[in-house]
2 protein chains.
Amino acid sequence: MASLAGHLKLSNLCWIYDSNHISIEGGTDLAFDEDVGLRFQAYGWNVIHVDDANDCDALSEAIEAFRTTDDKPTLIVVHSVIGWGSPRAGTAKAHGEALGEDNVRTTKEAYGWDPDKHFYVPDGVSDAFNKAIADRGRPLREEWEALFARYRDAYPDLAAQIEHMLAGTLPDGWDADIPSFEADAKGIASRDAGGKVLNAIQPKVPWLIGGSADLAPSTKTDIKGAPSFEADNYGGVNFHFGVREHAMGAVVNGMTLAHLRGYGSTFLVFLDYMRPPVRLSAIMEIGSTWVYTHDSIGVGEDGPTHQPIEQLAMLRATPGLDTIRPGDANETAEAWRAIVKDGHHPSALILSRQAIPTLDRSKYASAAGLARGAYILADSDDPELILIGTGSELPLVAEAHEKLKAEGIRSRVVSMPSWYRFELQPADYKESVFPPTISARLAVEMGGEIGWDRYVGREGRTITMSTFGASAPLAKLADKYGYTVENVVKVAKEMLG
Amino acid sequence: MASLAGHLKLSNLCWIYDSNHISIEGGTDLAFDEDVGLRFQAYGWNVIHVDDANDCDALSEAIEAFRTTDDKPTLIVVHSVIGWGSPRAGTAKAHGEALGEDNVRTTKEAYGWDPDKHFYVPDGVSDAFNKAIADRGRPLREEWEALFARYRDAYPDLAAQIEHMLAGTLPDGWDADIPSFEADAKGIASRDAGGKVLNAIQPKVPWLIGGSADLAPSTKTDIKGAPSFEADNYGGVNFHFGVREHAMGAVVNGMTLAHLRGYGSTFLVFLDYMRPPVRLSAIMEIGSTWVYTHDSIGVGEDGPTHQPIEQLAMLRATPGLDTIRPGDANETAEAWRAIVKDGHHPSALILSRQAIPTLDRSKYASAAGLARGAYILADSDDPELILIGTGSELPLVAEAHEKLKAEGIRSRVVSMPSWYRFELQPADYKESVFPPTISARLAVEMGGEIGWDRYVGREGRTITMSTFGASAPLAKLADKYGYTVENVVKVAKEMLG
């Protein structure tokens, strides 16, 4: 993060580093003696040291130096004593434990305060504080409002964009250019379809911006022909986060909190490097969008280190995070539509590296069913078996359904791109998709099996990954792990006895 | 990691930084222009620059400088051209794509090699290489073997320890001092019990070493009275990893690969910062031990950011990782016993912050059942209901069982500390614990619900977390989220109609 801020010369950024030399286990010298100032200089920051946290003049000077620095971020290293004024000053206990009543009294006395007063703000302090803020803030706000009124007159379209941003709304026709994809047996990778859809939406919603952690040529999230966000062009829309997944997540959350619609992309397995900001987006209930491509053993030759297995479960287990794994190009279009439309919850869009056949929607149900999380893609009269597919395994399951039909076996195909959305549906819809009377259920997904029991039940089965993957071309892996039409048909027949 | 290595003055460590100025999206200047050498100087490293990767003399000099540096690690920054000699030299394509047949030919020609030869090592190279290694290695090995023979004569006990380490075996009586805990209604936090057990094992298995990411006073993993591993004492056993969870994971894996039995501890929610090394321990199938305390909303006032919810699912979804959440002090003892005994798979030991009553094992089944993953703790004749508990919720479930019994309701209590171990049991054992005829099943766990469907079935229920937690004392949270005996009894009765 600091490295990226230095690269981007974010001179509005100031971090104050409280250097109190104390950690939970004891003095920081137990584990840490790097020269933090020098490290930030290496990142291209302006580094200022304040030798004493109680030296208000030195602090003011440091902040003034930050304000006048216009070509780099500023780090102010403030040397301080933790728990200053208390009997535990300068000790690890001041970090890890409450002071306790007696020590709080002693500390107040050391400050010259009345030890009997609680939650006490000395006379005049809050008045002075409020006045200072009001006196400074009122003209600034009036100035901004006048400026925005002039701006709206001069640039009504751009002003309308800002108003949409602030209100969290979308302009009319924002989704008018979302493409529809023709049926195609060869198909298209959902990462490629995702790139096309994003490029169809973004010009209508120009505050939908983001980028990749050095994988844009692979995740396909670049806005074509648009400029990069760089130190010499803060108007750019394509962000180059570098190989910094965690920082990307934090930056995207910051953008989203600032009324932009931020997105960040990388390979699904690299979710492991950015779990904390993904979790925070869910805790904060903000509409950050995480685009994860190369979503399975479909990664192929790069092998187990790069093949996600447990990552889908990690996302699905995160409360309030909508994880969507679309099953073909048209579901990918519907996924982006659903994500942009929602805007108030984080979403993880899970896309394939490899081509996925585009299903014939004149024969199968509309991909618009994606908005409900799961829907009946294909059916039989009085089905005896439910086949469930997500992502790249959906067309595989549809093909197995056709084979079974030819043999007189009556299956239903459920496309289930989002457990999260499905769980929000009313009980009667859920039962219409998964009638309790049909206990022969088979879920097919190139990921771990945890969680599928809910949908397949005790008599159901899954074709999922119970181990890490292997390094080989996908066709070989598909064969090895059972992701073939023949195997889906075979397991389905076993279930029906 | 680099910061820790600098702190510990690991002068045997040399990293060679291939500075080719290329990333996948293009030149590194798209996103990165920090001064890497200066950054490592800030970490306390010896930094050497080699201007040209093809300058063998400069490389030899740099490596010689590393060899003679005895007070800090060394970074050699080597400026290079990616894809050197190929038509794609110095471009991002040389990183992200295969060269292709024609470019490979051209590259071989540039090297003066025969373009028709494949997997070709020029004459003499492998002979010279093998000879150099053999000539250098044979006397070194003979010297070491002679040294070890003398060492074994002088210090037979210590030599036996090394032999156990290398063979992956344990000395007789290694578990003789593992304590047994008396029944106690007030009980003890499983982190405290864990600390006592670890301290009872470690003196018998002195190569069982590790530490904490600046949380040892809380995770209780310090070996009492033992020295710290520090730059001036590489014989220390307590590691201070600092606030560096990812580095801790990588170091512990390195220790384990070097025949030590490494462990690392932090709070369960901070698993998010160290997913990659945990995953690698599972891919490599090595016996690293991850100790995660503060395992639930039991964290209390620190609130949702510090209360793990989805982390148990993240661990359980990881193939080959044994996640054990013991239900009282005696199960904690059995958990450490099982972990040290196994040694060939990674384990995550999940421990509570808060006190857990110690169950009366004269009344209930032995905690040794933990080794099978799940076992019947308490039963009724012809049970009509199964209550499942893990960790701090096990005594809660046991108490609910007693209440139900007093009302004439026949329940069975299953303690289920490890799904991983249970899944490895034979089918008849699994059915004996969870007979298919008993469909009223209630699992109680202070974590997310994903995955529990497998054990409770479609007619079962769970008392689990479907949202993030909240900031309050645990008693309030237990009430809010239903972790009370009254609620367990109520839900159980609802299930029985």
# chains A, B, ... in the order shown; residues from 1 in each chain; ligands from 1
$ interface_residues --of "chain B" --to "chain A" --cutoff "7 Å" --atoms "only C-alpha atoms" --output "PyMOL selection string"
chain B and resi 3-4+7+23-25+30-36+38-39+42-44+214-217+240-242+272-273+275-276+283+310+313-314+317-319+448+450-451+453-454+457-458+466-468
$ select_by_dssp --residues "range 43-252 of chain B" --states "helix (DSSP H, G or I)" --output "CSV table (one decimal) with N, CA and C atoms, in the first residue's frame"
chain,number,residue,atom,x,y,z
B,56,CYS,N,29.6,-12.6,-14.7
B,56,CYS,CA,29.8,-13.7,-13.8
B,56,CYS,C,30.8,-13.3,-12.7
B,57,ASP,N,31.8,-12.5,-13.0
B,57,ASP,CA,32.8,-12.1,-12.0
B,57,ASP,C,32.1,-11.3,-10.9
B,58,ALA,N,31.2,-10.4,-11.3
B,58,ALA,CA,30.5,-9.5,-10.4
B,58,ALA,C,29.6,-10.4,-9.5
B,59,LEU,N,28.9,-11.4,-10.1
B,59,LEU,CA,28.1,-12.3,-9.3
B,59,LEU,C,28.9,-13.1,-8.3
B,60,SER,N,30.0,-13.6,-8.7
B,60,SER,CA,30.9,-14.3,-7.8
B,60,SER,C,31.4,-13.5,-6.7
B,61,GLU,N,31.7,-12.2,-7.0
B,61,GLU,CA,32.1,-11.3,-5.9
B,61,GLU,C,31.0,-11.1,-4.9
B,62,ALA,N,29.8,-10.9,-5.5
B,62,ALA,CA,28.7,-10.6,-4.6
B,62,ALA,C,28.4,-11.8,-3.7
B,63,ILE,N,28.5,-13.0,-4.2
B,63,ILE,CA,28.3,-14.2,-3.4
B,63,ILE,C,29.4,-14.4,-2.4
B,64,GLU,N,30.6,-14.0,-2.8
B,64,GLU,CA,31.7,-14.1,-1.8
B,64,GLU,C,31.5,-13.1,-0.7
B,65,ALA,N,31.0,-11.9,-1.1
B,65,ALA,CA,30.7,-10.9,0.0
B,65,ALA,C,29.6,-11.4,0.9
B,66,PHE,N,28.6,-12.1,0.4
B,66,PHE,CA,27.6,-12.7,1.3
B,66,PHE,C,28.3,-13.7,2.2
B,67,ARG,N,29.1,-14.6,1.7
B,67,ARG,CA,29.8,-15.6,2.5
B,67,ARG,C,30.6,-15.0,3.6
B,93,LYS,N,5.9,-9.8,-22.6
B,93,LYS,CA,5.5,-11.1,-23.2
B,93,LYS,C,6.5,-12.2,-22.8
B,94,ALA,N,7.7,-11.8,-22.6
B,94,ALA,CA,8.7,-12.8,-22.2
B,94,ALA,C,8.4,-13.4,-20.8
B,95,HIS,N,7.5,-12.7,-20.0
B,95,HIS,CA,7.1,-13.2,-18.7
B,95,HIS,C,5.8,-14.0,-18.9
B,96,GLY,N,4.9,-13.5,-19.6
B,96,GLY,CA,3.5,-14.1,-19.5
B,96,GLY,C,3.2,-15.1,-20.6
B,101,GLU,N,8.0,-21.7,-31.1
B,101,GLU,CA,9.1,-22.5,-31.7
B,101,GLU,C,10.2,-21.6,-32.4
B,102,ASP,N,9.7,-20.7,-33.2
B,102,ASP,CA,10.6,-19.8,-34.0
B,102,ASP,C,11.5,-19.0,-33.0
B,103,ASN,N,10.9,-18.4,-32.0
B,103,ASN,CA,11.7,-17.6,-31.1
B,103,ASN,C,12.7,-18.4,-30.3
B,104,VAL,N,12.3,-19.6,-30.0
B,104,VAL,CA,13.2,-20.5,-29.3
B,104,VAL,C,14.5,-20.8,-30.2
B,105,ARG,N,14.2,-21.0,-31.5
B,105,ARG,CA,15.4,-21.2,-32.4
B,105,ARG,C,16.3,-20.0,-32.4
B,106,THR,N,15.6,-18.8,-32.6
B,106,THR,CA,16.4,-17.6,-32.7
B,106,THR,C,17.2,-17.4,-31.4
B,107,THR,N,16.6,-17.7,-30.3
B,107,THR,CA,17.3,-17.5,-29.0
B,107,THR,C,18.5,-18.5,-28.9
B,108,LYS,N,18.3,-19.7,-29.3
B,108,LYS,CA,19.4,-20.7,-29.3
B,108,LYS,C,20.6,-20.2,-30.2
B,109,GLU,N,20.2,-19.7,-31.3
B,109,GLU,CA,21.2,-19.2,-32.3
B,109,GLU,C,22.0,-18.0,-31.6
B,110,ALA,N,21.2,-17.2,-30.9
B,110,ALA,CA,21.9,-16.0,-30.2
B,110,ALA,C,22.9,-16.5,-29.2
B,125,VAL,N,29.3,-29.7,-19.7
B,125,VAL,CA,28.7,-28.9,-18.7
B,125,VAL,C,28.3,-29.8,-17.5
B,126,SER,N,27.5,-30.9,-17.8
B,126,SER,CA,27.0,-31.7,-16.7
B,126,SER,C,28.1,-32.4,-16.0
B,127,ASP,N,29.1,-32.9,-16.8
B,127,ASP,CA,30.3,-33.6,-16.2
B,127,ASP,C,31.0,-32.6,-15.2
B,128,ALA,N,31.2,-31.4,-15.7
B,128,ALA,CA,31.9,-30.5,-14.8
B,128,ALA,C,31.1,-30.2,-13.6
B,129,PHE,N,29.8,-30.0,-13.8
B,129,PHE,CA,28.9,-29.7,-12.7
B,129,PHE,C,28.8,-30.9,-11.7
B,130,ASN,N,28.7,-32.1,-12.2
B,130,ASN,CA,28.6,-33.2,-11.3
B,130,ASN,C,29.9,-33.4,-10.5
B,131,LYS,N,31.0,-33.2,-11.2
B,131,LYS,CA,32.3,-33.4,-10.6
B,131,LYS,C,32.5,-32.3,-9.5
B,132,ALA,N,32.1,-31.1,-9.8
B,132,ALA,CA,32.3,-30.0,-8.9
B,132,ALA,C,31.5,-30.3,-7.6
B,133,ILE,N,30.3,-30.8,-7.8
B,133,ILE,CA,29.4,-31.1,-6.6
B,133,ILE,C,30.0,-32.2,-5.8
B,134,ALA,N,30.4,-33.3,-6.6
B,134,ALA,CA,30.9,-34.5,-5.9
B,134,ALA,C,32.2,-34.1,-5.2
B,135,ASP,N,33.1,-33.4,-5.9
B,135,ASP,CA,34.4,-33.1,-5.2
B,135,ASP,C,34.2,-32.2,-4.0
B,136,ARG,N,33.2,-31.3,-4.1
B,136,ARG,CA,33.0,-30.5,-2.9
B,136,ARG,C,32.2,-31.2,-1.8
B,137,GLY,N,31.3,-32.0,-2.3
B,137,GLY,CA,30.3,-32.6,-1.4
B,137,GLY,C,30.9,-33.8,-0.6
B,138,ARG,N,31.7,-34.6,-1.3
B,138,ARG,CA,32.1,-35.9,-0.6
B,138,ARG,C,32.9,-35.6,0.7
B,139,PRO,N,33.9,-34.8,0.6
B,139,PRO,CA,34.6,-34.5,1.9
B,139,PRO,C,33.7,-33.8,2.9
B,140,LEU,N,32.8,-33.0,2.5
B,140,LEU,CA,31.9,-32.3,3.5
B,140,LEU,C,31.1,-33.3,4.2
B,141,ARG,N,30.5,-34.3,3.4
B,141,ARG,CA,29.7,-35.3,4.0
B,141,ARG,C,30.5,-36.2,4.9
B,142,GLU,N,31.6,-36.6,4.4
B,142,GLU,CA,32.4,-37.5,5.3
B,142,GLU,C,32.8,-36.8,6.6
B,143,GLU,N,33.1,-35.6,6.5
B,143,GLU,CA,33.5,-34.8,7.6
B,143,GLU,C,32.3,-34.7,8.6
B,144,TRP,N,31.1,-34.5,8.0
B,144,TRP,CA,29.9,-34.4,8.9
B,144,TRP,C,29.6,-35.7,9.6
B,145,GLU,N,29.7,-36.8,8.8
B,145,GLU,CA,29.4,-38.1,9.4
B,145,GLU,C,30.4,-38.5,10.5
B,146,ALA,N,31.7,-38.1,10.3
B,146,ALA,CA,32.7,-38.4,11.3
B,146,ALA,C,32.3,-37.5,12.6
B,147,LEU,N,32.0,-36.3,12.3
B,147,LEU,CA,31.6,-35.4,13.4
B,147,LEU,C,30.4,-35.9,14.2
B,148,PHE,N,29.4,-36.4,13.4
B,148,PHE,CA,28.2,-36.9,14.1
B,148,PHE,C,28.5,-38.1,14.9
B,149,ALA,N,29.4,-39.0,14.4
B,149,ALA,CA,29.8,-40.2,15.1
B,149,ALA,C,30.5,-39.8,16.4
B,150,ARG,N,31.4,-38.8,16.4
B,150,ARG,CA,32.0,-38.4,17.6
B,150,ARG,C,31.0,-37.8,18.6
B,151,TYR,N,30.0,-37.0,18.0
B,151,TYR,CA,29.0,-36.4,18.8
B,151,TYR,C,28.1,-37.4,19.5
B,152,ARG,N,27.8,-38.5,18.7
B,152,ARG,CA,27.0,-39.5,19.3
B,152,ARG,C,27.7,-40.2,20.5
B,153,ASP,N,29.0,-40.4,20.3
B,153,ASP,CA,29.8,-41.0,21.4
B,153,ASP,C,29.7,-40.0,22.7
B,154,ALA,N,29.9,-38.7,22.4
B,154,ALA,CA,30.1,-37.8,23.5
B,154,ALA,C,28.7,-37.5,24.1
B,156,PRO,N,25.2,-39.1,23.7
B,156,PRO,CA,24.3,-40.1,23.1
B,156,PRO,C,22.8,-39.6,23.1
B,157,ASP,N,22.4,-38.9,24.2
B,157,ASP,CA,21.0,-38.5,24.3
B,157,ASP,C,20.7,-37.4,23.3
B,158,LEU,N,21.6,-36.4,23.1
B,158,LEU,CA,21.3,-35.4,22.1
B,158,LEU,C,21.4,-36.0,20.7
B,159,ALA,N,22.3,-36.9,20.5
B,159,ALA,CA,22.3,-37.5,19.2
B,159,ALA,C,21.1,-38.3,18.9
B,160,ALA,N,20.5,-38.9,19.9
B,160,ALA,CA,19.2,-39.6,19.7
B,160,ALA,C,18.1,-38.7,19.3
B,161,GLN,N,18.2,-37.5,19.8
B,161,GLN,CA,17.2,-36.5,19.5
B,161,GLN,C,17.3,-36.1,18.0
B,162,ILE,N,18.5,-36.0,17.5
B,162,ILE,CA,18.7,-35.6,16.1
B,162,ILE,C,18.2,-36.8,15.2
B,163,GLU,N,18.4,-38.0,15.7
B,163,GLU,CA,18.0,-39.2,14.9
B,163,GLU,C,16.5,-39.3,14.9
B,164,HIS,N,15.8,-38.9,16.0
B,164,HIS,CA,14.4,-38.9,16.0
B,164,HIS,C,13.9,-37.8,15.0
B,165,MET,N,14.5,-36.7,15.1
B,165,MET,CA,14.1,-35.6,14.2
B,165,MET,C,14.2,-36.0,12.7
B,166,LEU,N,15.3,-36.6,12.4
B,166,LEU,CA,15.5,-37.0,11.0
B,166,LEU,C,14.6,-38.1,10.5
B,167,ALA,N,14.3,-39.0,11.5
B,167,ALA,CA,13.4,-40.1,11.1
B,167,ALA,C,11.9,-39.7,11.3
B,190,SER,N,-9.5,-23.1,26.9
B,190,SER,CA,-8.7,-24.1,26.3
B,190,SER,C,-7.3,-23.6,25.8
B,191,ARG,N,-7.2,-22.2,25.7
B,191,ARG,CA,-5.9,-21.7,25.4
B,191,ARG,C,-5.0,-21.9,26.6
B,192,ASP,N,-5.5,-21.8,27.8
B,192,ASP,CA,-4.7,-22.0,29.0
B,192,ASP,C,-4.3,-23.5,29.1
B,193,ALA,N,-5.3,-24.4,28.9
B,193,ALA,CA,-5.1,-25.8,28.9
B,193,ALA,C,-4.0,-26.2,27.9
B,194,GLY,N,-4.2,-25.6,26.7
B,194,GLY,CA,-3.2,-25.8,25.6
B,194,GLY,C,-1.8,-25.5,26.0
B,195,GLY,N,-1.7,-24.3,26.7
B,195,GLY,CA,-0.3,-23.9,27.1
B,195,GLY,C,0.3,-24.9,28.1
B,196,LYS,N,-0.5,-25.4,29.0
B,196,LYS,CA,0.0,-26.4,30.0
B,196,LYS,C,0.4,-27.7,29.3
B,197,VAL,N,-0.4,-28.1,28.4
B,197,VAL,CA,-0.1,-29.4,27.7
B,197,VAL,C,1.1,-29.3,26.9
B,198,LEU,N,1.2,-28.2,26.1
B,198,LEU,CA,2.4,-27.9,25.3
B,198,LEU,C,3.7,-27.9,26.2
B,199,ASN,N,3.6,-27.3,27.3
B,199,ASN,CA,4.7,-27.2,28.3
B,199,ASN,C,5.0,-28.6,28.9
B,200,ALA,N,4.1,-29.5,28.8
B,200,ALA,CA,4.3,-30.8,29.3
B,200,ALA,C,5.0,-31.7,28.3
B,201,ILE,N,4.8,-31.4,27.0
B,201,ILE,CA,5.3,-32.2,25.9
B,201,ILE,C,6.7,-31.7,25.5
B,216,ALA,N,1.9,-14.0,22.3
B,216,ALA,CA,2.2,-15.1,23.2
B,216,ALA,C,1.5,-15.0,24.6
B,217,PRO,N,1.4,-13.7,25.1
B,217,PRO,CA,0.8,-13.6,26.4
B,217,PRO,C,-0.7,-14.0,26.3
B,218,SER,N,-1.3,-14.0,25.2
B,218,SER,CA,-2.7,-14.3,25.0
B,218,SER,C,-2.9,-15.7,24.4
B,219,THR,N,-2.0,-16.2,23.6
B,219,THR,CA,-2.2,-17.6,23.0
B,219,THR,C,-1.6,-18.6,23.9
B,245,GLU,N,2.0,-12.4,10.6
B,245,GLU,CA,1.4,-13.7,10.6
B,245,GLU,C,1.8,-14.5,9.4
B,246,HIS,N,1.9,-13.8,8.2
B,246,HIS,CA,2.3,-14.5,7.0
B,246,HIS,C,3.7,-15.0,7.1
B,247,ALA,N,4.6,-14.1,7.6
B,247,ALA,CA,6.0,-14.5,7.8
B,247,ALA,C,6.1,-15.7,8.8
B,248,MET,N,5.3,-15.6,9.8
B,248,MET,CA,5.3,-16.7,10.8
B,248,MET,C,5.0,-18.0,10.2
B,249,GLY,N,4.0,-18.0,9.3
B,249,GLY,CA,3.6,-19.2,8.7
B,249,GLY,C,4.7,-19.8,7.8
B,250,ALA,N,5.3,-18.9,7.0
B,250,ALA,CA,6.4,-19.3,6.1
B,250,ALA,C,7.6,-19.9,6.9
B,251,VAL,N,7.9,-19.2,8.0
B,251,VAL,CA,9.0,-19.6,8.9
B,251,VAL,C,8.7,-21.0,9.5
B,252,VAL,N,7.5,-21.2,10.0
B,252,VAL,CA,7.1,-22.5,10.6
B,252,VAL,C,7.2,-23.6,9.6
$ residues_around --residues "Arg372 in chain B" --least-positions-apart "4" --cutoff "10 Å" --atoms "only C-alpha atoms" --output "PyMOL selection string"
chain B and resi 338+368+416-425+429-430
$ residues_around --residues "Ile82 in chain A" --least-positions-apart "6" --cutoff "9 Å" --atoms "only C-alpha atoms" --output "list in words"
Ser19, Asn20, His21, Ile22, Arg88, Ala89, Gly90, Thr91, Ala92, Ala94 and His95 of chain A
$ write_last_selection --atoms "C-alpha atoms" --output "mmCIF file, in the first residue's frame"
data_model
loop_
_atom_site.group_PDB
_atom_site.id
_atom_site.type_symbol
_atom_site.label_atom_id
_atom_site.label_comp_id
_atom_site.auth_asym_id
_atom_site.auth_seq_id
_atom_site.Cartn_x
_atom_site.Cartn_y
_atom_site.Cartn_z
ATOM 1 C CA SER A 19 6.491 4.949 17.450
ATOM 2 C CA ASN A 20 6.080 3.949 21.084
ATOM 3 C CA HIS A 21 8.442 0.969 20.922
ATOM 4 C CA ILE A 22 5.942 -1.313 22.612
ATOM 5 C CA ARG A 88 2.259 1.825 33.305
ATOM 6 C CA ALA A 89 3.803 4.350 30.944
ATOM 7 C CA GLY A 90 6.188 2.773 28.470
ATOM 8 C CA THR A 91 5.210 -0.832 29.231
ATOM 9 C CA ALA A 92 3.521 -3.600 27.246
ATOM 10 C CA ALA A 94 -0.350 -0.267 28.748
ATOM 11 C CA HIS A 95 -1.127 -1.872 25.358
#
$ atom_distance --atom1 "CA of Leu387 in chain B" --atom2 "CA of Ser411 in chain B"
6.8 Å
$ closest_residue --among "B:Ile188, B:Val488, B:Val299, B:Leu99" --to "His401 in chain B" --atoms "only C-alpha atoms"
B:Val488
$ atom_distance --atom1 "CA of Val433 in chain A" --atom2 "CA of Ser439 in chain B"
23.1 Å
$ residues_around --residues "Val414 in chain A" --least-positions-apart "3" --cutoff "12 Å" --atoms "only C-alpha atoms" --output "PDB file with C-alpha atoms, in the first residue's frame"
ATOM      1  CA  GLY A 327     -22.217 -20.730 -16.140  1.00  0.00           C
ATOM      2  CA  TYR A 364     -33.001 -23.417 -22.230  1.00  0.00           C
ATOM      3  CA  ALA A 365     -34.342 -20.940 -19.677  1.00  0.00           C
ATOM      4  CA  ALA A 367     -29.990 -16.418 -17.992  1.00  0.00           C
ATOM      5  CA  GLY A 369     -32.768 -16.474 -13.659  1.00  0.00           C
ATOM      6  CA  LEU A 370     -29.301 -15.780 -12.253  1.00  0.00           C
ATOM      7  CA  ARG A 372     -32.511 -15.476  -8.010  1.00  0.00           C
ATOM      8  CA  GLY A 373     -29.297 -17.389  -7.349  1.00  0.00           C
ATOM      9  CA  ALA A 374     -30.523 -20.695  -8.790  1.00  0.00           C
ATOM     10  CA  TYR A 375     -33.072 -21.511 -11.472  1.00  0.00           C
ATOM     11  CA  ILE A 376     -34.311 -24.417 -13.559  1.00  0.00           C
ATOM     12  CA  LEU A 377     -32.320 -24.332 -16.767  1.00  0.00           C
ATOM     13  CA  ALA A 378     -33.776 -27.475 -18.339  1.00  0.00           C
ATOM     14  CA  ASP A 379     -36.397 -29.913 -17.157  1.00  0.00           C
ATOM     15  CA  SER A 380     -38.273 -33.147 -17.843  1.00  0.00           C
ATOM     16  CA  PRO A 383     -38.104 -35.393 -13.090  1.00  0.00           C
ATOM     17  CA  LEU A 385     -33.090 -36.579 -10.741  1.00  0.00           C
ATOM     18  CA  ILE A 386     -31.691 -33.068 -10.300  1.00  0.00           C
ATOM     19  CA  LEU A 387     -28.358 -32.156 -11.830  1.00  0.00           C
ATOM     20  CA  ILE A 388     -26.842 -28.991 -10.388  1.00  0.00           C
ATOM     21  CA  GLY A 389     -24.066 -27.088 -12.104  1.00  0.00           C
ATOM     22  CA  THR A 390     -22.205 -23.813 -11.624  1.00  0.00           C
ATOM     23  CA  GLY A 391     -19.681 -21.970 -13.773  1.00  0.00           C
ATOM     24  CA  GLU A 393     -19.577 -27.141 -15.228  1.00  0.00           C
ATOM     25  CA  LEU A 394     -23.037 -25.878 -16.211  1.00  0.00           C
ATOM     26  CA  PRO A 395     -22.809 -26.730 -19.936  1.00  0.00           C
ATOM     27  CA  VAL A 397     -24.305 -30.834 -16.819  1.00  0.00           C
ATOM     28  CA  ALA A 398     -26.662 -29.640 -19.582  1.00  0.00           C
ATOM     29  CA  HIS A 401     -29.023 -34.031 -19.225  1.00  0.00           C
ATOM     30  CA  SER A 411     -33.475 -35.134 -15.203  1.00  0.00           C
ATOM     31  CA  PRO A 417     -24.475 -19.426  -9.741  1.00  0.00           C
ATOM     32  CA  SER A 418     -25.116 -17.836  -6.302  1.00  0.00           C
ATOM     33  CA  PHE A 422     -30.817 -18.370  -3.602  1.00  0.00           C
ATOM     34  CA  LYS A 430     -36.701 -22.725  -3.190  1.00  0.00           C
ATOM     35  CA  SER A 432     -40.041 -25.285  -6.640  1.00  0.00           C
ATOM     36  CA  VAL A 433     -36.396 -25.544  -7.688  1.00  0.00           C
ATOM     37  CA  PHE A 434     -35.494 -28.352  -5.285  1.00  0.00           C
ATOM     38  CA  PRO A 435     -38.693 -30.293  -4.491  1.00  0.00           C
ATOM     39  CA  ARG A 441     -29.388 -34.888  -6.710  1.00  0.00           C
ATOM     40  CA  LEU A 442     -25.939 -34.455  -8.154  1.00  0.00           C
ATOM     41  CA  ALA A 443     -23.929 -31.249  -7.923  1.00  0.00           C
ATOM     42  CA  VAL A 444     -20.975 -30.772 -10.257  1.00  0.00           C
ATOM     43  CA  TYR A 455     -28.560 -28.823  -1.732  1.00  0.00           C
ATOM     44  CA  VAL A 456     -27.858 -32.445  -2.583  1.00  0.00           C
TER      45      VAL A 456
END
$ select_by_dssp --residues "range 106-192 of chain A" --states "strand (DSSP E or B)" --output "VMD selection string"
chain A and resid 184 to 189
$ residues_around --residues "Thr289 in chain B" --least-positions-apart "6" --cutoff "7 Å" --atoms "only C-alpha atoms" --output "VMD selection string"
chain B and resid 262 to 264 346 to 348
$ atom_distance --atom1 "CA of Trp15 in chain B" --atom2 "CA of Ile48 in chain B"
10.5 Å
$ decode --residues "range 397-404 of chain B" --atoms "N, CA and C atoms" --output "PDB file, in the first residue's frame"
ATOM      1  N   VAL B 397     -23.850 -28.076  25.388  1.00  0.00           N
ATOM      2  CA  VAL B 397     -24.688 -29.133  24.834  1.00  0.00           C
ATOM      3  C   VAL B 397     -24.873 -30.263  25.858  1.00  0.00           C
ATOM      4  N   ALA B 398     -23.799 -30.552  26.600  1.00  0.00           N
ATOM      5  CA  ALA B 398     -23.895 -31.605  27.620  1.00  0.00           C
ATOM      6  C   ALA B 398     -24.911 -31.198  28.698  1.00  0.00           C
ATOM      7  N   GLU B 399     -24.907 -29.918  29.028  1.00  0.00           N
ATOM      8  CA  GLU B 399     -25.844 -29.437  30.042  1.00  0.00           C
ATOM      9  C   GLU B 399     -27.285 -29.505  29.512  1.00  0.00           C
ATOM     10  N   ALA B 400     -27.449 -29.164  28.247  1.00  0.00           N
ATOM     11  CA  ALA B 400     -28.786 -29.256  27.642  1.00  0.00           C
ATOM     12  C   ALA B 400     -29.267 -30.719  27.672  1.00  0.00           C
ATOM     13  N   HIS B 401     -28.356 -31.629  27.407  1.00  0.00           N
ATOM     14  CA  HIS B 401     -28.675 -33.074  27.455  1.00  0.00           C
ATOM     15  C   HIS B 401     -29.219 -33.454  28.833  1.00  0.00           C
ATOM     16  N   GLU B 402     -28.568 -32.954  29.872  1.00  0.00           N
ATOM     17  CA  GLU B 402     -29.029 -33.275  31.232  1.00  0.00           C
ATOM     18  C   GLU B 402     -30.429 -32.716  31.473  1.00  0.00           C
ATOM     19  N   LYS B 403     -30.656 -31.496  31.013  1.00  0.00           N
ATOM     20  CA  LYS B 403     -31.978 -30.886  31.185  1.00  0.00           C
ATOM     21  C   LYS B 403     -33.050 -31.681  30.452  1.00  0.00           C
ATOM     22  N   LEU B 404     -32.732 -32.057  29.238  1.00  0.00           N
ATOM     23  CA  LEU B 404     -33.689 -32.834  28.440  1.00  0.00           C
ATOM     24  C   LEU B 404     -33.976 -34.171  29.111  1.00  0.00           C
TER      25      LEU B 404
END
